[in-house]
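K.L.:
Input structure: my_file09.cif, which contains mmCIF, C-alpha atoms.
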```
data_input
#
loop_
_atom_site.group_PDB
_atom_site.id
_atom_site.type_symbol
_atom_site.label_atom_id
_atom_site.label_comp_id
_atom_site.auth_asym_id
_atom_site.auth_seq_id
_atom_site.Cartn_x
_atom_site.Cartn_y
_atom_site.Cartn_z
ATOM 1 C CA MET A 29 0.000 0.000 0.000
ATOM 2 C CA LEU A 30 1.332 3.452 -0.834
ATOM 3 C CA GLU A 31 0.199 7.058 -0.929
ATOM 4 C CA LEU A 32 -0.629 8.432 -4.393
ATOM 5 C CA THR A 33 1.399 11.558 -3.655
ATOM 6 C CA GLN A 34 4.457 9.490 -2.694
ATOM 7 C CA ALA A 35 4.284 7.073 -5.621
ATOM 8 C CA GLN A 36 7.143 7.514 -8.030
ATOM 9 C CA THR A 37 5.019 6.775 -11.076
ATOM 10 C CA LEU A 38 2.750 8.722 -13.380
ATOM 11 C CA PHE A 39 -0.890 7.759 -13.192
ATOM 12 C CA GLN A 40 -3.460 7.798 -15.989
ATOM 13 C CA LYS A 41 -7.155 8.452 -15.585
ATOM 14 C CA THR A 42 -9.646 5.703 -16.322
ATOM 15 C CA GLU A 43 -13.308 5.846 -17.331
ATOM 16 C CA ASN A 44 -14.028 6.201 -13.601
ATOM 17 C CA PRO A 45 -12.664 9.592 -12.445
ATOM 18 C CA ASP A 46 -11.999 8.149 -8.968
ATOM 19 C CA VAL A 47 -9.647 5.413 -10.250
ATOM 20 C CA VAL A 48 -6.171 5.921 -11.717
ATOM 21 C CA VAL A 49 -3.689 3.364 -13.063
ATOM 22 C CA ASN A 50 -0.026 3.492 -13.976
ATOM 23 C CA THR A 51 -0.774 1.867 -17.352
ATOM 24 C CA ASN A 52 -3.803 0.896 -19.431
ATOM 25 C CA GLU A 53 -1.968 -2.147 -20.826
ATOM 26 C CA VAL A 54 -0.366 -5.056 -19.018
ATOM 27 C CA LEU A 55 2.581 -6.310 -21.047
ATOM 28 C CA PHE A 56 3.841 -9.819 -20.426
ATOM 29 C CA SER A 57 6.605 -9.321 -23.003
ATOM 30 C CA VAL A 58 7.812 -6.563 -25.301
ATOM 31 C CA ASN A 59 5.127 -7.116 -27.969
ATOM 32 C CA GLU A 60 6.351 -10.731 -28.108
ATOM 33 C CA ILE A 61 9.561 -9.599 -29.810
ATOM 34 C CA ASP A 62 12.894 -9.035 -28.101
ATOM 35 C CA TYR A 63 15.674 -6.709 -29.206
ATOM 36 C CA PHE A 64 17.122 -9.318 -31.577
ATOM 37 C CA ASP A 65 13.803 -9.633 -33.418
ATOM 38 C CA THR A 66 13.125 -13.195 -32.293
ATOM 39 C CA LYS A 67 9.846 -14.260 -30.751
ATOM 40 C CA ILE A 68 9.666 -14.665 -27.002
ATOM 41 C CA GLU A 69 7.583 -17.701 -26.183
ATOM 42 C CA ILE A 70 5.957 -18.410 -22.865
ATOM 43 C CA PRO A 71 6.078 -22.136 -22.110
ATOM 44 C CA ILE A 72 2.692 -23.847 -22.064
ATOM 45 C CA GLY A 73 1.555 -24.449 -18.494
ATOM 46 C CA LYS A 74 4.084 -22.004 -17.013
ATOM 47 C CA GLU A 75 2.762 -19.032 -15.080
ATOM 48 C CA ILE A 76 4.243 -15.595 -15.777
ATOM 49 C CA SER A 77 3.379 -12.259 -14.211
ATOM 50 C CA SER A 78 3.318 -8.528 -14.712
ATOM 51 C CA TYR A 79 2.327 -5.587 -12.520
ATOM 52 C CA ILE A 80 -0.205 -2.759 -12.536
ATOM 53 C CA THR A 81 -0.713 -0.085 -9.878
ATOM 54 C CA VAL A 82 -4.246 1.123 -9.115
ATOM 55 C CA GLY A 83 -4.985 4.286 -7.122
ATOM 56 C CA ASN A 84 -8.015 5.887 -5.449
ATOM 57 C CA GLN A 85 -8.607 9.624 -6.029
ATOM 58 C CA SER A 86 -12.037 9.534 -4.378
ATOM 59 C CA LYS A 87 -12.932 10.917 -0.956
ATOM 60 C CA TYR A 88 -14.352 7.503 -0.076
ATOM 61 C CA PRO A 89 -12.890 3.991 0.116
ATOM 62 C CA LEU A 90 -12.982 1.957 -3.103
ATOM 63 C CA LYS A 91 -13.016 -1.818 -3.412
ATOM 64 C CA VAL A 92 -10.996 -2.841 -6.478
ATOM 65 C CA GLN A 93 -10.399 -6.153 -8.217
ATOM 66 C CA PHE A 94 -9.661 -7.594 -11.644
ATOM 67 C CA SER A 95 -11.777 -10.069 -13.566
ATOM 68 C CA MET A 96 -11.723 -11.727 -16.954
ATOM 69 C CA LYS A 97 -14.398 -10.526 -19.365
ATOM 70 C CA GLU A 98 -15.448 -14.108 -19.981
ATOM 71 C CA GLN A 99 -14.109 -17.592 -19.392
ATOM 72 C CA ASN A 100 -11.105 -18.271 -21.596
ATOM 73 C CA GLU A 101 -10.015 -21.730 -22.745
ATOM 74 C CA LYS A 102 -6.560 -20.585 -23.939
ATOM 75 C CA TYR A 103 -5.162 -19.290 -20.642
ATOM 76 C CA GLU A 104 -5.834 -18.863 -16.944
ATOM 77 C CA MET A 105 -5.540 -15.548 -15.095
ATOM 78 C CA ARG A 106 -5.294 -14.663 -11.412
ATOM 79 C CA THR A 107 -4.185 -11.636 -9.375
ATOM 80 C CA GLU A 108 -2.445 -10.973 -6.083
ATOM 81 C CA PRO A 109 -4.052 -9.488 -4.129
ATOM 82 C CA GLN A 110 -7.441 -10.690 -5.354
ATOM 83 C CA ILE A 111 -9.449 -7.800 -3.850
ATOM 84 C CA MET A 112 -8.235 -4.622 -2.190
ATOM 85 C CA VAL A 113 -9.964 -1.746 -0.393
ATOM 86 C CA LEU A 114 -8.175 1.538 -1.090
ATOM 87 C CA LYS A 115 -8.702 4.543 1.150
ATOM 88 C CA LYS A 116 -8.554 8.120 -0.150
ATOM 89 C CA ASN A 117 -5.254 8.773 -2.008
ATOM 90 C CA GLU A 118 -4.016 5.196 -1.576
ATOM 91 C CA ALA A 119 -2.607 2.986 -4.317
ATOM 92 C CA CYS A 120 -1.843 -0.721 -4.516
ATOM 93 C CA GLU A 121 0.299 -2.765 -6.870
ATOM 94 C CA PHE A 122 -1.473 -5.816 -8.286
ATOM 95 C CA GLU A 123 0.505 -8.715 -9.711
ATOM 96 C CA ILE A 124 -1.340 -10.280 -12.640
ATOM 97 C CA PHE A 125 -0.480 -13.876 -13.514
ATOM 98 C CA ILE A 126 -1.330 -15.704 -16.726
ATOM 99 C CA LYS A 127 -0.737 -19.350 -17.586
ATOM 100 C CA PRO A 128 -1.205 -20.378 -21.237
ATOM 101 C CA TYR A 129 -2.866 -23.749 -21.856
ATOM 102 C CA CYS A 130 -1.800 -23.888 -25.518
ATOM 103 C CA SER A 131 0.295 -22.090 -28.121
ATOM 104 C CA CYS A 132 -1.496 -18.821 -28.737
ATOM 105 C CA LYS A 133 -1.098 -15.098 -29.125
ATOM 106 C CA ILE A 134 -2.667 -13.267 -26.206
ATOM 107 C CA ASN A 135 -4.230 -9.953 -27.161
ATOM 108 C CA ASP A 136 -7.196 -9.553 -24.865
ATOM 109 C CA SER A 137 -8.494 -7.346 -22.069
ATOM 110 C CA ILE A 138 -9.487 -7.799 -18.464
ATOM 111 C CA LYS A 139 -11.871 -5.755 -16.330
ATOM 112 C CA LEU A 140 -10.752 -3.499 -13.516
ATOM 113 C CA ILE A 141 -13.832 -3.414 -11.300
ATOM 114 C CA SER A 142 -14.159 -0.721 -8.650
ATOM 115 C CA MET A 143 -16.958 -0.034 -6.175
ATOM 116 C CA ASN A 144 -17.387 3.114 -4.104
ATOM 117 C CA MET A 145 -17.907 1.784 -0.570
ATOM 118 C CA LYS A 146 -20.095 4.750 0.464
ATOM 119 C CA THR A 147 -22.423 4.976 -2.554
ATOM 120 C CA GLY A 148 -22.266 1.352 -3.744
ATOM 121 C CA ILE A 149 -21.731 2.563 -7.320
ATOM 122 C CA GLU A 150 -19.685 0.093 -9.343
ATOM 123 C CA SER A 151 -17.683 0.838 -12.475
ATOM 124 C CA GLN A 152 -15.589 -1.209 -14.894
ATOM 125 C CA THR A 153 -12.552 -0.280 -16.956
ATOM 126 C CA ASP A 154 -10.972 -2.397 -19.679
ATOM 127 C CA ILE A 155 -7.251 -3.044 -19.291
ATOM 128 C CA LYS A 156 -5.481 -4.614 -22.268
ATOM 129 C CA ILE A 157 -3.259 -7.631 -21.777
ATOM 130 C CA ILE A 158 -0.649 -8.271 -24.411
#
```
Spit out the file's structure as structure tokens when you get a sec.

P.N.:
Amino acid sequence: MLELTQAQTLFQKTENPDVVVNTNEVLFSVNEIDYFDTKIEIPIGKEISSYITVGNQSKYPLKVQFSMKEQNEKYEMRTEPQIMVLKKNEACEFEIFIKPYCSCKINDSIKLISMNMKTGIESQTDIKII
């Protein structure tokens, strides 16, 4: 947990004005190409991870979590932490894990779901995974 004002990262606005993120894309590799122009392959059945930081600009606590848009047969996704409650001006780094079940190119999106704990209003933001 960290304070938004102390975070050494630039945050971007999302569709929800109360929620900010350090990126709107989660990259598991550099566009699947390394500096020598050869493909980087993730072994089937091996879990890899990447990070995204989510912050609360609201006056009220927000519950935040990530979810897949729909069930996917090509890969599995999970996050640590699974759910987090962020107070005013707090941010949290989420680690997002994916595990491919087959050879595939992953170009999809996941949902960042946030709920204002005072009003109960829920919002969703698409975050690309590449």

K.L.:
Counting only C-alpha atoms, what is within 12 Å of A:Lys127, bar same-chain residues fewer than 5 positions away, as an mmCIF file with C-alpha atoms, keeping the file's coordinate frame?

P.N.:
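Output file result29.cif is given in full below:
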```cif
data_model
loop_
_atom_site.group_PDB
_atom_site.id
_atom_site.type_symbol
_atom_site.label_atom_id
_atom_site.label_comp_id
_atom_site.auth_asym_id
_atom_site.auth_seq_id
_atom_site.Cartn_x
_atom_site.Cartn_y
_atom_site.Cartn_z
ATOM 1 C CA PHE A 56 3.841 -9.819 -20.426
ATOM 2 C CA ILE A 70 5.957 -18.410 -22.865
ATOM 3 C CA PRO A 71 6.078 -22.136 -22.110
ATOM 4 C CA ILE A 72 2.692 -23.847 -22.064
ATOM 5 C CA GLY A 73 1.555 -24.449 -18.494
ATOM 6 C CA LYS A 74 4.084 -22.004 -17.013
ATOM 7 C CA GLU A 75 2.762 -19.032 -15.080
ATOM 8 C CA ILE A 76 4.243 -15.595 -15.777
ATOM 9 C CA SER A 77 3.379 -12.259 -14.211
ATOM 10 C CA SER A 78 3.318 -8.528 -14.712
ATOM 11 C CA ASN A 100 -11.105 -18.271 -21.596
ATOM 12 C CA GLU A 101 -10.015 -21.730 -22.745
ATOM 13 C CA LYS A 102 -6.560 -20.585 -23.939
ATOM 14 C CA TYR A 103 -5.162 -19.290 -20.642
ATOM 15 C CA GLU A 104 -5.834 -18.863 -16.944
ATOM 16 C CA MET A 105 -5.540 -15.548 -15.095
ATOM 17 C CA ARG A 106 -5.294 -14.663 -11.412
ATOM 18 C CA THR A 107 -4.185 -11.636 -9.375
ATOM 19 C CA CYS A 132 -1.496 -18.821 -28.737
ATOM 20 C CA ILE A 134 -2.667 -13.267 -26.206
#
```

K.L.:
Can you tell me, as a ChimeraX atom specification, what residues are no more than 8 Å from A:Leu114 when counting only C-alpha atoms, ignoring any on the same chain fewer than 2 positions away?

P.N.:
/A:83-84,89-92,112,116-120

K.L.:
For atom CA of A:Val49 and atom CA of A:Asn144, quote the distance in Å rounded to one decimal.

P.N.:
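Between atom CA of A:Val49 and atom CA of A:Asn144 the gap works out to 16.4 Å.
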
K.L.:
Using all atoms listed in the file, which of the listed residues (A:Ser86, A:Glu69, A:Thr81, A:Ile149) sits closest to A:Ser131?

P.N.:
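So, comparing all the options, the nearest one is A:Glu69.
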
K.L.:
Neighbours of A:Leu38 within 10 Å (all atoms listed in the file; same-chain residues fewer than 3 positions away dropped), as number ranges by chain?

P.N.:
A: 32, 35, 48-51

K.L.:
Check the smallest atom-to-atom distance from each of A:Cys130, A:Ile80, A:Met96, A:Met143 to A:Val54 using all atoms listed in the file, then report the winner.

P.N.:
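Of A:Cys130, A:Ile80, A:Met96, A:Met143, the one nearest A:Val54 is A:Ile80, counting all atoms listed in the file.
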
K.L.:
What is the atom CA of A:Thr37-atom CA of A:Thr147 distance in Å, reported with one decimal?

P.N.:
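Going from atom CA of A:Thr37 over to atom CA of A:Thr147 covers 28.8 Å.
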
K.L.:
So how far away is atom CA of A:Leu30 from atom CA of A:Asp136, in Å?

P.N.:
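Value for the atom CA of A:Asp136-atom CA of A:Leu30 distance: 28.6 Å.
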
K.L.:
Go through the shown structure with the PyMOL selection byres ((chain A and resi 152-156) around 9) and write out the matching residues as a CSV table (one decimal) with C-alpha atoms, keeping the file's coordinate frame.

P.N.:
```csv
chain,number,residue,atom,x,y,z
A,42,THR,CA,-9.6,5.7,-16.3
A,43,GLU,CA,-13.3,5.8,-17.3
A,44,ASN,CA,-14.0,6.2,-13.6
A,51,THR,CA,-0.8,1.9,-17.4
A,52,ASN,CA,-3.8,0.9,-19.4
A,53,GLU,CA,-2.0,-2.1,-20.8
A,54,VAL,CA,-0.4,-5.1,-19.0
A,55,LEU,CA,2.6,-6.3,-21.0
A,97,LYS,CA,-14.4,-10.5,-19.4
A,135,ASN,CA,-4.2,-10.0,-27.2
A,136,ASP,CA,-7.2,-9.6,-24.9
A,137,SER,CA,-8.5,-7.3,-22.1
A,138,ILE,CA,-9.5,-7.8,-18.5
A,139,LYS,CA,-11.9,-5.8,-16.3
A,140,LEU,CA,-10.8,-3.5,-13.5
A,141,ILE,CA,-13.8,-3.4,-11.3
A,142,SER,CA,-14.2,-0.7,-8.6
A,143,MET,CA,-17.0,0.0,-6.2
A,150,GLU,CA,-19.7,0.1,-9.3
A,151,SER,CA,-17.7,0.8,-12.5
A,157,ILE,CA,-3.3,-7.6,-21.8
A,158,ILE,CA,-0.6,-8.3,-24.4
```

K.L.:
Given the choices A:Val47, A:Lys133, A:Tyr79, A:Gln85, which gets closest to A:Pro109 if the distance is worked out from all atoms listed in the file?

P.N.:
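Looking only at the distances to A:Pro109, the closest residue turns out to be A:Tyr79.
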
K.L.:
Which is closer to A:Lys41 than all the others in A:Val82, A:Met145, A:Val113, A:Phe125, using all atoms listed in the file?

P.N.:
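Among A:Val82, A:Met145, A:Val113, A:Phe125, it is A:Val82 that comes nearest to A:Lys41.
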
K.L.:
Please define a box with edges along x, y and z of the file around all atoms of stretch 107-125 of chain A given in the file, extend it by 8 Å on each side, and return its centre and edge lengths in Å to one decimal, as AutoDock Vina command-line options.

P.N.:
```
--center_x -4.7 --center_y -2.6 --center_z -6.2 --size_x 26.5 --size_y 38.6 --size_z 30.7
```
